[in-house]
Amino acid sequence: MKKGFLLLLLLSLGSLAVFSQAYPYVVGDKYVNKQPASKALINSRTARVLTSAKEKWVALKPGAASRLDSNAAAPDLTFKIKAPVAGTYELSTYAMPTNPATDIMKDEKGNPVTTYIKLQVGDQRPTKRILYDAFRRGNQVTGKFELNGREQTVKVWLPEGVQLGHLEWKNYNDPAVPAAAKNYVPKIIPPAGHPRIWVNKQSLSLVQSRLTIGENRQAWEKVTAAATMPFHFEFDINKEIFYREDVEKAAETKAFYYLMTKDEKVGREAVKLMVDYFSVLEFGNVTYGDITREIGRAIYTGSLVYDWCFDLLSKDDKQQLYSHMLKLAREMEIGWPPFMDSIVNGHGNEAQVSRDLLSMSLALYDENPELYKYTSYTILEQLVPMRKFEYESPRHNQGVDYGAYRLGWEMHAVWLYYRMTGFPVFDDNIKQLPYFWLYMRLPDGYMLRDGDMFNVKNVNGKRPYWKQPQTMLLCASYANDPILKGEFEREGGLPDNPVLFLLVNDPALKADHNLNSLPLTKNFGHVLGGLVTRTGWDNTPDSKDVIAEIKGGGYHFANHQHSDAGALQIFHHGMQVGDIGLYLSYGSPYDYNFNKRSISHSMMLAKDPDEKWLFRAKDNDGGTRFNQRFPMSPAETTTDPWFDNGQVLSADFGPSAQKPAFSYFKADLTGAYTAKMTNYTRGYCFLNLGRQDVPAAIILTDDMTTAKADFKKYWQINTIQPPVKNGDQLVLSNELNGHVGKTYVNMLIPAAANRTMEILSGKAANSNFDEQFDIKSDKAEANAHRIMISPSAANQHDRFLTVFQMTEGDAAPLPIRFREYPSYYLVGLADQLVCMSTGSELVNTAIDLDIQANTKVTLTGLKPGFWTVKGPDGKSRNFDIRQGKNTLYFEGVAGKYSIMPGRAY
């Protein structure tokens, strides 16, 4: 048998022309054959020709009913086609409603209607395909068909309400294979024999030994009950069916049970079920709902059955499974070979390669090693090095929701290679990435906003508990991390997927639900800069914790990442300051001109009236560059200025690493904007005050210089509840579970006399400077508030200094002590005194302090090197200020202090 496979491999013209030879390439010149419907053989009893100014059409006669569901009915149209050579061809149809006034066909309730056509090519099985829908209207790519190079008939059965203009045949060629992939020799290859997917011969016994231990027992009992129960799958080989998840789950469960027990009866049931299912499975030309995910799941299930039940497969079983999996692979978004999309970002970074095609290539490696060559090239040579670079910052550039979803599929690749080889191929920094979601968690069960959030579905008017348990299971088990396992359990476990649970869960790893061992501040580094700062880990609705985030610096990776460099978020009994965009549909005018844009975030805007935008974004919101092009490699990321999202200048917290009193961050965000921005830095210092009445405060600095003075600057924050003006002060508020939190906002620079303020509320807040959006949603963000403050005079250079105090209920904010110096500000609150640099330059001058009582002193933005603190006792202490931290902290008694650059001897 192996010799036969080798011979076929040598004779193959491409990666698919192996084993079955079912899908040869079409060679030669591009072939296009347009066939007008009016030229076909028309069934005069059922169809008629209609004439318009542009072309002739064929439709059902009045009173003639559609017979798409009848196997015996004569066709309405019969075409003849003779392809130049045998091979794969792509068929398209052009149609329109018979009522020329109709644009989108709708039912009686006004919902768009999808109409189908039935086709039969030669003696192939009849198939239904979309002829007209609300997405592509009458221009439909009907699908790929095998033509034999001889004259064949194409029979057509028409639907009611639509007229057919023509068919168009084109030759189909598979995606081009990059030269590097063609010549690629994998450094890691699958082991000999089966199984290879999720387990090899060595790790199989490990999974078997855990089946009845601890929490695994209940999952194993569930698998046993399902696997040993007969599954009745009734089908007609002459009728295609759409995907059925219940069939796939039954086949997977039975195959796993056979792998664990060698119960041949159950194993043969799995094989028969999969072969029968593939024999009638047809996705047609459905594109809505990201159907590639369902296509991929069918491939994955077939791969599991092929690999786990390999010794039960007949030659015909292997042939059937092989050919159907390859056929399905060609229908995925990424195509086959898998180079129609990128594995680095977008849908290609989901299950398509990392689970589905990788599993297929492992299962079929002996039959066609080229399948594995291409999948391993994309994973090992493109994905792995990119993630090693990106995950230096332990957060995901696609945000909370898409980041967790896509990481879950990457973790399939992580596990499949690890179990196949016994060693990791992804960098170990992937083990720290899941902590991003722990830090973003809020007491209301939801998350700080980051990227497009598709989990925003209110239940009984409330946010649900955010969860991605499959991702957390794979991460916790791979890292052998009890804290991550605790998060997996809090998210409800994985009761609906006991097979995956049993494959990876170690019952000896006990979950740790106590998060108090984690530091309260998380620094995300330089690739995706930012800090999340917390006052505690009480993630319950009655929590009094304050959670805040500042972000900025690093790189922009597009897709679901937002234009939010410098954005601020504050949570205290609900969102106080943050993001008010909603992810309603990808790429809509609202999505590209508000949701993903800076205008929906709490950050600085600078309006250049002549600024132009790309990627279907037409409105000028004054924010950072809008990007929908992602980098493909670390080198491209760091060298192409298009991906520049600013630079992290400083990040530090202390003096306790576990419960820091201060958390400091500063970023140069100039690069995130276009040339309208000459220089812009944002500084942030979060103070954990340790008080019941005022638990935390934030000092925020902005130093901005634009290319022209008439580029108006907007200091903007967004909030959920109506803000209250209290003199020169703003009061924000929110409530959770009966507890009220307030945020007092005091802008110290510019002074009240030197600034203007505009508040847009409700529907008016869903706007940029060019367009108002009508948002239909029950989310609070749809009726939020935008606060915009601008300097009264037009200047190229402006500075902003703002203090936020988060208070409990009706507690009064603390008095603010403030002094301004040329290179720094001094801001005092209660027993805290903070020095913040005024601009982009580091402080390198002496700082004199006159402290009236015991005070915690935090000096930020200092130039690196030794500094000396001379206190009222006349003694001097030396401090080594580190590059990238730029902070000095000490606790002083009443008296005068002199802080100077240099070392005292």
# chains A, B, ... in the order shown; residues from 1 in each chain; ligands from 1
>>> closest_atom_pairs(of="segment 758-858 of chain A", to="segment 681-687 of chain A", cutoff="9 Å", atoms="only C-alpha atoms", output="CSV")
residue,atom,partner,partner_atom,distance
A:Gln832,CA,A:Leu687,CA,8.3
A:Val834,CA,A:Cys685,CA,8.4
A:Met836,CA,A:Gly683,CA,7.7
A:Ser837,CA,A:Gly683,CA,8.1
A:Thr838,CA,A:Gly683,CA,8.8
A:Gly839,CA,A:Thr681,CA,6.8
A:Ser840,CA,A:Thr681,CA,5.8
>>> select_by_dssp(residues="segment 537-680 of chain A", states="helix (DSSP H, G or I)", output="MDAnalysis selection string")
chainID A and resid 589:595 598:600 634:639 641:643 670:672
>>> write_last_selection(atoms="C-alpha atoms", output="PDB file, in the first residue's frame")
ATOM      1  CA  PRO A 589     -20.136  52.696   8.613  1.00  0.00           C
ATOM      2  CA  TYR A 590     -20.718  52.842  12.382  1.00  0.00           C
ATOM      3  CA  ASP A 591     -18.036  50.217  13.001  1.00  0.00           C
ATOM      4  CA  TYR A 592     -15.361  51.890  10.860  1.00  0.00           C
ATOM      5  CA  ASN A 593     -16.250  55.475  11.763  1.00  0.00           C
ATOM      6  CA  PHE A 594     -17.108  55.180  15.462  1.00  0.00           C
ATOM      7  CA  ASN A 595     -16.776  51.827  17.212  1.00  0.00           C
ATOM      8  CA  SER A 598     -10.588  56.967  18.718  1.00  0.00           C
ATOM      9  CA  ILE A 599     -13.781  59.032  19.054  1.00  0.00           C
ATOM     10  CA  SER A 600     -15.502  56.248  21.039  1.00  0.00           C
ATOM     11  CA  PRO A 634       8.294  40.691  13.606  1.00  0.00           C
ATOM     12  CA  ALA A 635      10.651  42.424  11.182  1.00  0.00           C
ATOM     13  CA  GLU A 636       7.784  44.017   9.260  1.00  0.00           C
ATOM     14  CA  THR A 637       6.136  45.071  12.523  1.00  0.00           C
ATOM     15  CA  THR A 638       9.171  46.889  13.836  1.00  0.00           C
ATOM     16  CA  THR A 639      10.449  48.446  10.588  1.00  0.00           C
ATOM     17  CA  PRO A 641       6.194  52.918  10.408  1.00  0.00           C
ATOM     18  CA  TRP A 642       2.598  52.169   9.446  1.00  0.00           C
ATOM     19  CA  PHE A 643       2.324  49.843  12.461  1.00  0.00           C
ATOM     20  CA  THR A 670       3.196  60.673  18.480  1.00  0.00           C
ATOM     21  CA  GLY A 671       3.687  57.738  16.127  1.00  0.00           C
ATOM     22  CA  ALA A 672       0.092  56.563  16.576  1.00  0.00           C
TER      23      ALA A 672
END
>>> residues_around(residues="Glu781 of chain A", least_positions_apart="5", cutoff="10 Å", atoms="only C-alpha atoms", output="list in words")
Gly578, Asp579, Ile580, Gly581, Leu582, Ser600, Asn718, Thr719, Ile720, Gln721, Gly762, Lys763, Ala765, Asn766 and Ile775 of chain A
>>> residues_around(residues="Leu531 of chain A", least_positions_apart="3", cutoff="7 Å", atoms="only C-alpha atoms", output="compact mmCIF listing (two decimals) with N, CA and C atoms, in the first residue's frame")
# COMPACT_ATOMS: atom_id res chain seq x y z
N THR A 521 -1.06 45.28 40.17
CA THR A 521 -0.78 46.00 38.92
C THR A 521 -0.11 45.07 37.93
N LYS A 522 -0.51 45.18 36.67
CA LYS A 522 0.08 44.39 35.59
C LYS A 522 0.62 45.34 34.53
N ASN A 523 1.94 45.23 34.28
CA ASN A 523 2.58 46.00 33.22
C ASN A 523 2.67 45.10 31.99
N PHE A 524 2.18 45.59 30.84
CA PHE A 524 2.12 44.75 29.65
C PHE A 524 3.29 44.94 28.69
N GLU A 549 -7.35 51.17 33.66
CA GLU A 549 -6.39 50.80 32.62
C GLU A 549 -5.96 52.03 31.85
N ILE A 550 -4.67 52.09 31.56
CA ILE A 550 -4.13 53.04 30.59
C ILE A 550 -3.39 52.22 29.54
N LYS A 551 -3.53 52.61 28.28
CA LYS A 551 -2.84 51.85 27.24
C LYS A 551 -2.16 52.80 26.28
>>> select_by_dssp(residues="segment 604-840 of chain A", states="strand (DSSP E or B)", output="PyMOL selection string")
chain A and resi 604-607+644+647-654+662-668+677-688+696-706+712-719+724-726+729-736+739-749+755-761+767+772+785-791+797-808+816-820+824-829+832-837
